[in-house]
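For reference, start_14.txt is printed below; it contains compact mmCIF, C-alpha atoms.
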# COMPACT_ATOMS: atom_id res chain seq x y z
CA MET A 132 78.48 97.04 -113.70
CA GLY A 133 76.17 98.40 -116.42
CA ARG A 134 73.55 99.34 -113.87
CA GLN A 135 76.10 101.27 -111.81
CA LEU A 136 77.25 103.18 -114.89
CA THR A 137 73.69 104.11 -115.82
CA LEU A 138 73.06 105.38 -112.29
CA TYR A 139 76.26 107.43 -112.37
CA LEU A 140 75.26 109.04 -115.67
CA LEU A 141 71.84 109.91 -114.31
CA MET A 142 73.41 111.47 -111.20
CA LEU A 143 75.99 113.47 -113.15
CA PRO A 144 73.89 116.67 -113.64
CA LEU A 145 73.02 116.64 -109.96
CA LEU A 146 76.71 116.24 -109.04
CA ALA A 147 77.62 119.06 -111.40
CA SER A 148 75.04 121.43 -110.01
CA ALA A 149 76.41 120.79 -106.60
CA GLN A 150 79.64 122.71 -107.61
CA GLU A 151 78.80 126.29 -106.67
CA THR A 152 80.17 129.18 -108.71
CA GLY A 153 80.56 132.92 -108.44
CA PHE A 154 81.40 135.72 -110.84
CA VAL A 155 84.48 137.87 -111.01
CA ARG A 156 84.40 141.05 -113.02
CA LEU A 157 87.85 142.11 -114.21
CA LEU A 158 88.52 145.84 -114.15
CA VAL A 159 91.99 145.93 -115.57
CA ASP A 160 94.24 148.66 -116.80
CA PRO A 161 94.77 148.41 -119.78
CA GLY A 162 91.10 148.13 -120.49
CA HIS A 163 91.49 145.76 -123.41
CA ASN A 164 93.72 143.14 -124.83
CA PHE A 165 94.52 141.57 -121.48
CA ALA A 166 94.36 137.89 -120.63
CA ALA A 167 93.75 135.97 -117.42
CA VAL A 168 94.81 132.59 -116.09
CA VAL A 169 92.94 131.21 -113.11
CA ASP A 170 94.36 128.17 -111.43
CA GLY A 171 96.19 127.15 -114.57
CA THR A 172 93.25 127.67 -116.89
CA ARG A 173 93.13 130.47 -119.37
CA TYR A 174 90.01 132.63 -119.51
CA GLU A 175 88.80 135.21 -121.99
CA GLY A 176 86.52 138.17 -121.38
CA ARG A 177 85.89 140.54 -118.51
CA LEU A 178 83.32 138.48 -116.61
CA LEU A 179 84.57 135.14 -115.34
CA GLU A 180 82.40 132.46 -113.82
CA LEU A 181 84.60 130.61 -111.38
CA PRO A 182 84.15 127.94 -108.78
CA THR A 183 83.76 129.35 -105.32
CA GLY A 184 86.69 129.54 -102.98
CA GLU A 185 90.22 130.80 -103.13
CA ARG A 186 91.59 131.14 -106.65
CA LYS A 187 95.00 132.07 -107.92
CA VAL A 188 94.64 134.64 -110.70
CA SER A 189 97.35 135.86 -113.07
CA LEU A 190 96.78 138.76 -115.43
CA TRP A 191 98.86 140.01 -118.31
CA ALA A 192 98.63 142.34 -121.25
CA PRO A 193 101.11 143.09 -124.02
CA GLY A 194 103.73 145.49 -122.75
CA ARG A 195 102.74 144.94 -119.14
CA MET A 196 104.05 142.81 -116.29
CA VAL A 197 102.28 139.65 -115.18
CA VAL A 198 100.42 140.27 -111.94
CA ASP A 199 99.63 137.33 -109.69
CA THR A 200 97.00 137.62 -107.04
CA THR A 201 94.65 135.48 -105.03
CA ILE A 202 90.94 136.06 -104.79
CA THR A 203 88.11 134.39 -102.95
CA VAL A 204 85.12 133.73 -105.17
CA PRO A 205 81.86 133.99 -103.24
CA ALA A 206 79.00 131.65 -104.07
CA GLY A 207 76.34 133.08 -106.35
CA ARG A 208 77.70 136.58 -106.18
CA SER A 209 79.88 138.85 -108.23
CA ILE A 210 83.02 140.62 -107.13
CA ASP A 211 85.21 143.17 -108.86
CA LEU A 212 88.91 142.64 -109.31
CA VAL A 213 90.53 146.00 -109.91
CA ILE A 214 94.12 145.75 -111.06
CA GLN A 215 96.51 148.06 -112.85
CA LEU A 216 99.11 146.04 -114.70
CA PRO A 217 102.46 147.76 -114.34
CA HIS A 218 104.40 148.57 -117.48
CA ASP A 219 107.11 146.15 -118.49
CA LEU A 220 110.34 148.15 -118.25
CA GLU A 221 112.05 145.92 -120.78
CA TYR A 222 109.21 146.47 -123.18
CA MET A 223 109.29 150.22 -122.59
CA ALA A 224 113.02 150.28 -123.29
CA PHE A 225 112.41 148.22 -126.41
CA ALA A 226 109.59 150.51 -127.51
CA ARG A 227 111.74 153.59 -126.90
CA GLU A 228 114.55 152.08 -128.94
CA GLU A 229 112.11 151.14 -131.69
CA ASP A 230 110.68 154.64 -131.63
CA ARG A 231 114.19 156.08 -131.84
CA LEU A 232 115.02 153.81 -134.77
CA LEU A 233 111.76 154.69 -136.45
CA ARG A 234 112.38 158.40 -136.08
CA ARG A 235 115.93 157.94 -137.34
CA LYS A 236 114.60 155.97 -140.31
CA ARG A 237 112.11 158.71 -141.09
CA LEU A 238 114.85 161.32 -140.84
CA VAL A 239 117.20 159.34 -143.07
CA ARG A 240 114.41 158.90 -145.60
CA SER A 241 113.17 162.47 -145.41
CA VAL A 242 116.54 164.12 -146.15
CA PRO A 243 116.92 162.83 -149.74
CA LEU A 244 113.18 163.03 -150.24
CA VAL A 245 113.01 166.70 -149.28
CA ALA A 246 116.15 167.39 -151.32
CA THR A 247 114.59 165.64 -154.31
CA ILE A 248 111.35 167.58 -153.99
CA GLY A 249 113.37 170.79 -153.82
CA ALA A 250 115.36 169.71 -156.87
CA MET A 251 112.13 168.94 -158.72
CA VAL A 252 110.80 172.41 -157.96
CA TRP A 253 114.12 173.82 -159.14
CA THR A 254 113.88 171.73 -162.31
CA MET A 255 110.35 172.87 -163.04
CA THR A 256 111.43 176.48 -162.56
CA ALA A 257 114.49 175.90 -164.74
CA ILE A 258 112.39 174.28 -167.48
CA ARG A 259 110.04 177.24 -167.43
CA GLY A 260 112.99 179.63 -167.64
CA TYR A 261 114.40 177.57 -170.52
CA ASN A 262 111.07 177.69 -172.36
CA ASP A 263 110.77 181.43 -171.74
CA ALA A 264 114.30 182.01 -173.04
CA HIS A 265 113.52 179.98 -176.14
CA ALA A 266 110.25 181.85 -176.63
CA GLN A 267 112.23 185.08 -176.47
CA LEU A 268 114.52 183.83 -179.22
CA GLU A 269 111.50 182.88 -181.30
CA ALA A 270 110.08 186.36 -180.71
CA ASP A 271 113.40 187.80 -181.88
CA ARG A 272 113.18 185.70 -185.03
CA ALA A 273 109.66 186.96 -185.69
CA GLU A 274 110.82 190.51 -185.00
CA TYR A 275 113.61 190.02 -187.55
CA ASP A 276 111.06 189.16 -190.22
CA ARG A 277 109.00 192.26 -189.40
CA LEU A 278 111.75 194.85 -189.21
CA PHE A 279 112.26 197.16 -192.19
CA LEU A 280 114.98 199.42 -190.84
CA PRO A 281 118.45 198.03 -191.61
CA GLY A 282 119.88 199.74 -188.53
CA SER A 283 117.32 198.08 -186.29
CA ILE A 284 118.05 194.73 -187.89
CA ARG A 285 121.75 195.23 -187.22
CA VAL A 286 121.10 196.05 -183.55
CA LEU A 287 118.82 193.02 -183.27
CA LYS A 288 121.38 190.68 -184.78
CA ASP A 289 124.48 192.12 -183.19
CA GLU A 290 123.27 192.98 -179.70
CA THR A 291 119.80 191.83 -178.78
CA MET A 292 119.89 188.32 -180.16
CA PRO A 293 123.35 187.41 -178.81
CA ALA A 294 122.24 188.57 -175.37
CA HIS A 295 119.07 186.51 -175.57
CA LYS A 296 121.06 183.59 -176.93
CA GLU A 297 123.34 183.80 -173.92
CA ASP A 298 120.28 183.84 -171.67
CA PHE A 299 119.02 180.77 -173.46
CA LYS A 300 122.32 178.94 -172.99
CA ASN A 301 122.36 179.81 -169.31
CA ALA A 302 118.76 178.67 -168.93
CA ARG A 303 119.54 175.41 -170.71
CA ASN A 304 122.60 174.77 -168.55
CA GLY A 305 120.51 175.54 -165.49
CA MET A 306 117.88 173.08 -166.63
CA TYR A 307 120.48 170.37 -167.25
CA MET A 308 122.00 171.03 -163.84
CA ALA A 309 118.62 170.94 -162.10
CA SER A 310 117.64 167.78 -163.96
CA ALA A 311 120.88 166.08 -163.01
CA VAL A 312 120.43 167.03 -159.37
CA THR A 313 116.85 165.78 -159.49
CA ALA A 314 117.95 162.50 -161.04
CA LEU A 315 120.59 162.12 -158.35
CA GLY A 316 118.02 162.95 -155.71
CA VAL A 317 115.56 160.41 -157.04
CA GLY A 318 118.29 157.79 -157.21
CA ALA A 319 119.42 158.59 -153.68
CA THR A 320 115.84 158.50 -152.43
CA VAL A 321 115.17 155.13 -154.02
CA TYR A 322 118.46 153.81 -152.67
CA VAL A 323 117.81 155.05 -149.15
CA PHE A 324 114.25 153.74 -149.16
CA ASN A 325 115.42 150.35 -150.38
CA ARG A 326 118.26 150.31 -147.91
CA THR A 327 116.11 151.25 -144.94
CA ALA A 328 113.31 148.90 -146.00
CA ARG A 329 115.72 145.97 -145.91
CA ARG A 330 116.37 146.39 -142.18
CA GLU A 331 114.77 143.51 -140.34
CA LYS A 332 112.07 144.47 -137.92
CA SER A 333 113.04 144.13 -134.30
CA VAL A 334 111.34 141.37 -132.37
CA PHE A 335 110.67 141.88 -128.71
CA ASP A 336 111.73 139.01 -126.52
CA ASP A 337 108.69 139.14 -124.26
CA LYS A 338 109.64 137.27 -121.12
CA GLN A 339 106.43 138.32 -119.41
CA LYS A 340 104.33 136.75 -122.13
CA ALA A 341 106.46 133.65 -122.06
CA ARG A 342 105.94 133.37 -118.34
CA PHE A 343 102.22 134.07 -118.63
CA ASP A 344 101.71 131.52 -121.38
CA GLY A 345 103.54 128.97 -119.26
CA LEU A 346 101.15 129.50 -116.39
CA ALA A 347 98.36 127.68 -118.13
CA TRP A 348 100.39 124.51 -118.36
CA MET A 349 102.19 124.15 -115.14
CA PRO A 350 102.67 122.50 -112.81
CA SER A 351 102.25 119.07 -114.33
CA GLN A 352 101.73 115.83 -112.49
CA VAL A 353 105.41 115.04 -112.71
CA GLY A 354 106.43 118.46 -111.59
CA GLY A 355 107.88 119.50 -114.92
CA THR A 356 107.41 122.80 -116.67
CA TRP A 357 106.37 123.28 -120.26
CA ALA A 358 106.65 126.87 -121.28
CA VAL A 359 105.96 128.37 -124.64
CA HIS A 360 108.14 131.27 -125.64
CA LEU A 361 106.36 133.59 -128.02
CA SER A 362 107.44 136.94 -129.30
CA PHE A 363 105.40 139.43 -131.20
CA PRO A 364 106.49 142.22 -133.49
CA LEU A 365 105.32 145.64 -132.47
CA ARG A 366 104.31 146.64 -135.97
CA MET B 251 118.87 148.22 -160.47
CA ARG B 252 115.96 148.02 -162.89
CA ILE B 253 114.22 151.03 -161.35
CA HIS B 254 117.43 153.04 -161.70
CA ALA B 255 117.56 152.18 -165.39
CA ILE B 256 113.91 153.20 -165.79
CA LEU B 257 114.50 156.48 -163.98
CA LEU B 258 117.55 157.18 -166.14
CA MET B 259 115.55 156.43 -169.26
CA ILE B 260 112.70 158.72 -168.18
CA ALA B 261 115.16 161.52 -167.37
CA THR B 262 116.85 161.11 -170.75
CA MET B 263 113.50 161.13 -172.55
CA LEU B 264 112.44 164.26 -170.69
CA LEU B 265 115.66 166.04 -171.58
CA VAL B 266 115.38 165.02 -175.21
CA ALA B 267 111.74 166.10 -175.29
CA CYS B 268 112.66 169.45 -173.78
CA HIS B 269 115.49 170.06 -176.23
CA LYS B 270 115.08 173.19 -178.30
CA ASP B 271 117.27 174.40 -181.09
CA GLU B 272 119.39 177.44 -180.65
CA LEU B 273 118.93 180.47 -182.84
CA GLU B 274 122.03 181.63 -184.67
CA PRO B 275 121.70 185.32 -185.60
CA THR B 276 124.20 185.01 -188.43
CA GLU B 277 121.95 182.42 -190.05
CA LEU B 278 119.14 184.98 -190.34
CA THR B 279 119.52 186.37 -193.84
CA SER B 280 116.02 186.31 -195.23
CA ASN B 281 114.98 189.92 -194.57
CA PRO B 282 115.50 192.10 -197.67
CA PHE B 283 116.35 195.03 -195.40
CA ASP B 284 119.18 193.05 -193.82
CA SER B 285 122.61 193.93 -195.21
CA ASP B 286 123.37 190.19 -194.92
CA TYR B 287 120.40 189.36 -197.12
CA VAL B 288 120.77 186.18 -199.13
CA GLY B 289 117.95 185.06 -201.36
CA ALA B 290 116.10 185.78 -204.52
CA ASP B 291 117.09 188.93 -206.39
CA LEU B 292 115.25 192.00 -205.20
CA PHE B 293 115.74 193.80 -208.50
CA SER B 294 115.67 192.52 -212.04
CA LEU B 295 115.82 193.92 -215.53
CA ASP B 296 112.37 194.34 -217.02
CA GLY B 297 113.39 195.79 -220.37
CA ALA B 298 114.83 198.86 -222.08
CA VAL B 299 113.63 201.32 -224.68
CA ILE B 300 115.59 203.79 -226.66
CA GLU B 301 114.26 207.30 -226.74
CA SER B 302 115.32 210.56 -228.22
CA TYR B 303 115.25 214.00 -226.78
CA VAL B 304 116.23 217.44 -228.06
CA GLU B 305 118.45 219.74 -226.18
CA ASP B 306 119.73 222.99 -227.66
CA LEU B 307 118.39 221.93 -231.02
CA VAL B 308 120.49 218.82 -230.90
CA THR B 309 118.83 215.43 -230.87
CA TYR B 310 120.22 212.94 -228.40
CA TYR B 311 119.43 209.31 -227.80
CA ARG B 312 119.35 207.49 -224.54
CA TYR B 313 118.18 204.21 -223.16
CA ARG B 314 115.51 204.03 -220.53
CA VAL B 315 116.24 200.79 -218.64
CA ARG B 316 113.28 199.45 -216.69
CA VAL B 317 114.00 197.74 -213.41
CA ARG B 318 111.48 195.70 -211.49
CA VAL B 319 111.36 195.72 -207.69
CA HIS B 320 110.27 192.36 -206.38
CA THR B 321 107.87 193.63 -203.79
CA GLU B 322 106.48 190.14 -203.36
CA LEU B 323 109.58 189.53 -201.25
CA LEU B 324 108.52 192.30 -198.88
CA LEU B 325 105.72 192.49 -196.39
CA PRO B 326 102.44 193.78 -197.85
CA ASN B 327 102.31 197.57 -198.26
CA GLN B 328 105.87 197.85 -197.13
CA VAL B 329 107.47 201.22 -197.74
CA PHE B 330 111.03 201.18 -198.90
CA SER B 331 113.76 203.19 -200.57
CA VAL B 332 116.03 202.11 -203.36
CA ARG B 333 119.60 203.20 -203.61
CA MET B 334 121.15 202.92 -207.04
CA GLN B 335 124.59 203.46 -208.39
CA ARG B 336 125.89 202.91 -211.85
CA LEU B 337 128.90 200.70 -211.64
CA PRO B 338 131.70 200.99 -211.13
CA ASP B 339 131.66 204.46 -209.66
CA GLY B 340 128.65 206.39 -210.81
CA PRO B 341 126.75 208.82 -208.64
CA VAL B 342 124.54 207.38 -205.92
CA THR B 343 120.88 208.29 -206.08
CA SER B 344 117.84 207.01 -204.30
CA LEU B 345 114.11 206.98 -204.62
CA HIS B 346 111.26 206.22 -202.27
CA SER B 347 108.51 203.74 -202.91
CA SER B 348 105.97 206.56 -202.76
CA GLN B 349 107.51 207.85 -205.99
CA LEU B 350 106.67 204.64 -207.79
CA GLN B 351 103.41 204.03 -209.62
CA SER B 352 104.08 200.32 -209.78
CA ASP B 353 106.87 197.89 -209.10
CA LEU B 354 108.82 199.39 -211.97
CA PHE B 355 111.21 202.29 -212.18
CA SER B 356 113.67 203.40 -214.78
CA VAL B 357 117.29 204.39 -214.98
CA LEU B 358 118.60 206.42 -217.88
CA LEU B 359 121.62 205.39 -219.92
CA GLU B 360 122.81 208.35 -221.90
CA ASP B 361 126.42 207.59 -222.75
CA PHE B 362 126.43 204.16 -224.24
CA GLU B 363 128.02 202.18 -226.99
CA LEU B 364 126.42 199.37 -228.86
CA GLY B 365 127.44 195.94 -227.61
CA ASN B 366 128.58 197.20 -224.25
CA THR B 367 127.13 195.94 -220.99
CA TYR B 368 126.26 198.43 -218.28
CA CYS B 369 125.53 197.53 -214.70
CA TRP B 370 123.88 199.18 -211.74
CA SER B 371 123.92 198.31 -208.10
CA PHE B 372 120.59 198.50 -206.31
CA SER B 373 119.99 198.27 -202.60
CA MET B 374 116.82 198.08 -200.57
CA GLY B 375 116.57 200.24 -197.50
CA ASN B 376 114.81 202.76 -195.36
CA ASN B 377 115.75 205.85 -193.44
CA ASN B 378 119.03 206.18 -195.36
CA GLU B 379 120.13 202.76 -194.16
CA TRP B 380 120.67 200.10 -196.75
CA GLY B 381 120.13 196.39 -196.65
CA GLY B 382 120.05 193.71 -199.29
CA GLY B 383 120.35 194.24 -203.01
CA ASN B 384 121.86 193.04 -206.21
CA ASN B 385 123.31 194.22 -209.49
CA VAL B 386 121.32 194.54 -212.69
CA CYS B 387 123.05 194.65 -216.06
CA TYR B 388 121.92 195.59 -219.55
CA THR B 389 123.71 194.98 -222.83
CA VAL B 390 123.02 197.62 -225.45
CA GLU B 391 122.01 196.02 -228.74
Using C-alpha cells, write down the structure that the file contains.
Amino acid sequence: MGRQLTLYLLMLPLLASAQETGFVRLLVDPGHNFAAVVDGTRYEGRLLELPTGERKVSLWAPGRMVVDTTITVPAGRSIDLVIQLPHDLEYMAFAREEDRLLRRKRLVRSVPLVATIGAMVWTMTAIRGYNDAHAQLEADRAEYDRLFLPGSIRVLKDETMPAHKEDFKNARNGMYMASAVTALGVGATVYVFNRTARREKSVFDDKQKARFDGLAWMPSQVGGTWAVHLSFPLR
Amino acid sequence: MRIHAILLMIATMLLVACHKDELEPTELTSNPFDSDYVGADLFSLDGAVIESYVEDLVTYYRYRVRVRVHTELLLPNQVFSVRMQRLPDGPVTSLHSSQLQSDLFSVLLEDFELGNTYCWSFSMGNNNEWGGGNNVCYTVE
C-alpha cells in the first residue's frame, strides 16, 4: 500500500503536466472592474489560463448584465474573447433615480445656502452703512466742538444732526433686520443640511451580481443552489 | 440643537459688539458759542476800582468793574465778541476780542449807591449771534 502511494506521488507531476492548457485574453467593455466565472470557478485578471476544450464563461461588471458564453480553449495558444457587457436597465433606472435625488438634494440645500450668503452680504453692507452713519454722527460731534458761530451751531443741532441721527437709526434697523435674516438663513441652512443628511442612502438590489456570485457555487452534487445576495451602495 | 444655541450666541455677541451709542443733539451743551451752553462761567468778576473824572469842572466818581473772559474755555486763538447789558434793562453793547489787550475788559458803573449790588449779563458770540454766557454782579462797598 505504501509503495503504491509513493509511486502515485512520484507520478503526480507527470499526470499534472499531461493536462494541457490555453490562454484566453478578455477584452471586455467595461475595461475594468469586471469579473469572470469559468465553469463555476471565479477568475481575476484579463489573461486566463484555462484547460483546453469547451468552457462555459460568465462575465459581469457592476451596473452591467451577466453575459454567458461558451468558448473553446485551444492547447498552448491564446485567444481573445471580445465582449461588451450590456447595461443593466434596473441599475440604470436606479442610477437615474439616485441622480435625480442627488440633484434634488443639492437644490434643496443650495436654496437656503444661497439665501444665507446673500443675507450675509446684505448684513456686511448694512454693518458698513451703520458704521458710516455712526462715523457721521461722530464727525458732527467734532464739528460742534469746532464751530464758533452760534447760528451754525443752531443749524447743526436743529437740522443736520437730527437728519444724521435718523440716518443712523435707519442704518441700525437695517443692520438688525439683515442680521436677523442671516441668522434665520444660517438656521435654515443647518436644519436643511441636517435633514437631508439623515436620509438613508439607497441600496441597489443587484440581481445580476447575485446571480453572478451564485454561478461560482452551483450546481452542487445534490443539485441544490447556494446563492449569495450582495448589494453595494453607489456612493 | 446645540449648534443653534451657539449660532444664536454668536449672533447676539456680534450685535452687542456692533452696538454704538446714539448722539442726542440736545445733550451737546459744551460749546461756549452754543445758546444752550451749560458749563463753567465764561465771565467772572476780576475786581473793581473807583476813579474820578472831571466834566464841566465838576468831579464825578465812577467804578470801573473788571471782568475776566475765560478764554481757556475756548479754542486757542479763538476770536469772539462779547455782548453785555446792565441788568435789568440797560443798553446792550458789544466788543470784539480784537479790542482786548488781555482776557480782561471793564464796564463802567457811574450811577451807584454804596451797598447796592449791580449786575450785568454777558454773552459770548460771533457775527452778531450770541451763544452762552452768564451774569456778573458787583456790590459797591
Test item: chain B residues at most 10 Å from chain A, counting all atoms listed in the file, as a VMD selection string:
chain B and resid 251 253 to 255 257 to 258 260 to 262 264 to 265 268 to 286 324 to 325 328 to 330 374 to 382
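All residues of protein, DNA or RNA that reach within 7 Å of range 345-347 of chain B, judged by only C-alpha atoms and not counting those fewer than 2 positions away in the chain, are Val329, Phe330, Ser331, Val332, Arg333, Gln349 and Leu350 of chain B.
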Write out, as a PDB file, in the frame of the given file, the residues just selected, with C-alpha atoms.
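out02.pdb was written with the following content:
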ATOM      1  CA  VAL B 329     107.470 201.220-197.740  1.00  0.00           C
ATOM      2  CA  PHE B 330     111.030 201.180-198.900  1.00  0.00           C
ATOM      3  CA  SER B 331     113.760 203.190-200.570  1.00  0.00           C
ATOM      4  CA  VAL B 332     116.030 202.110-203.360  1.00  0.00           C
ATOM      5  CA  ARG B 333     119.600 203.200-203.610  1.00  0.00           C
ATOM      6  CA  GLN B 349     107.510 207.850-205.990  1.00  0.00           C
ATOM      7  CA  LEU B 350     106.670 204.640-207.790  1.00  0.00           C
TER       8      LEU B 350
END
* To do: Can you work out the spacing between CA of Leu158 in chain A and CA of Ala226 in chain A in Å, to one decimal?
  =>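 Here the two named atoms are 25.4 Å from each other.
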Residue neighbourhood Trp370 in chain B, 8 Å, all atoms listed in the file, exclusion window fewer than 5 positions, as a PDB file with C-alpha atoms, keeping the file's coordinate frame:
ATOM      1  CA  MET B 334     121.150 202.920-207.040  1.00  0.00           C
ATOM      2  CA  GLN B 335     124.590 203.460-208.390  1.00  0.00           C
ATOM      3  CA  ARG B 336     125.890 202.910-211.850  1.00  0.00           C
ATOM      4  CA  LEU B 337     128.900 200.700-211.640  1.00  0.00           C
ATOM      5  CA  ASN B 385     123.310 194.220-209.490  1.00  0.00           C
ATOM      6  CA  VAL B 386     121.320 194.540-212.690  1.00  0.00           C
ATOM      7  CA  CYS B 387     123.050 194.650-216.060  1.00  0.00           C
TER       8      CYS B 387
END
Q: For range 301-303 of chain B, work out the shell of residues within 10 Å, counting all atoms listed in the file and skipping chain neighbours fewer than 2 positions away, then give it as number ranges by chain.
A: B: 298-299, 305, 307-314, 358, 360
TODO: Report the distance between CA of Trp253 in chain A and CA of Val312 in chain A in Å, rounded to one decimal place.
DONE: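 Interatomic distance here is 9.3 Å.
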Select, from B:Leu359, B:Ile300, B:Leu323, B:Val342, the residue with the minimum atom-to-atom distance to Ser371 in chain B, counting only C-alpha atoms.
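Nearest candidate to Ser371 in chain B out of B:Leu359, B:Ile300, B:Leu323, B:Val342: B:Val342.
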What is the distance between CA of Asp344 in chain A and CA of Arg173 in chain A, in Å to one decimal?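 Interatomic distance here is 8.9 Å.
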May I ask which of the residues B:Asp353, B:Glu391, B:Asp296, B:Asp339 is the closest one to Cys369 in chain B, counting only C-alpha atoms?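 Smallest distance to Cys369 in chain B is found for B:Asp339.
Nearest residue to Pro161 in chain A among A:Ser189, A:Val198, A:Gln215, A:Arg177 is A:Gln215, counting all atoms listed in the file.
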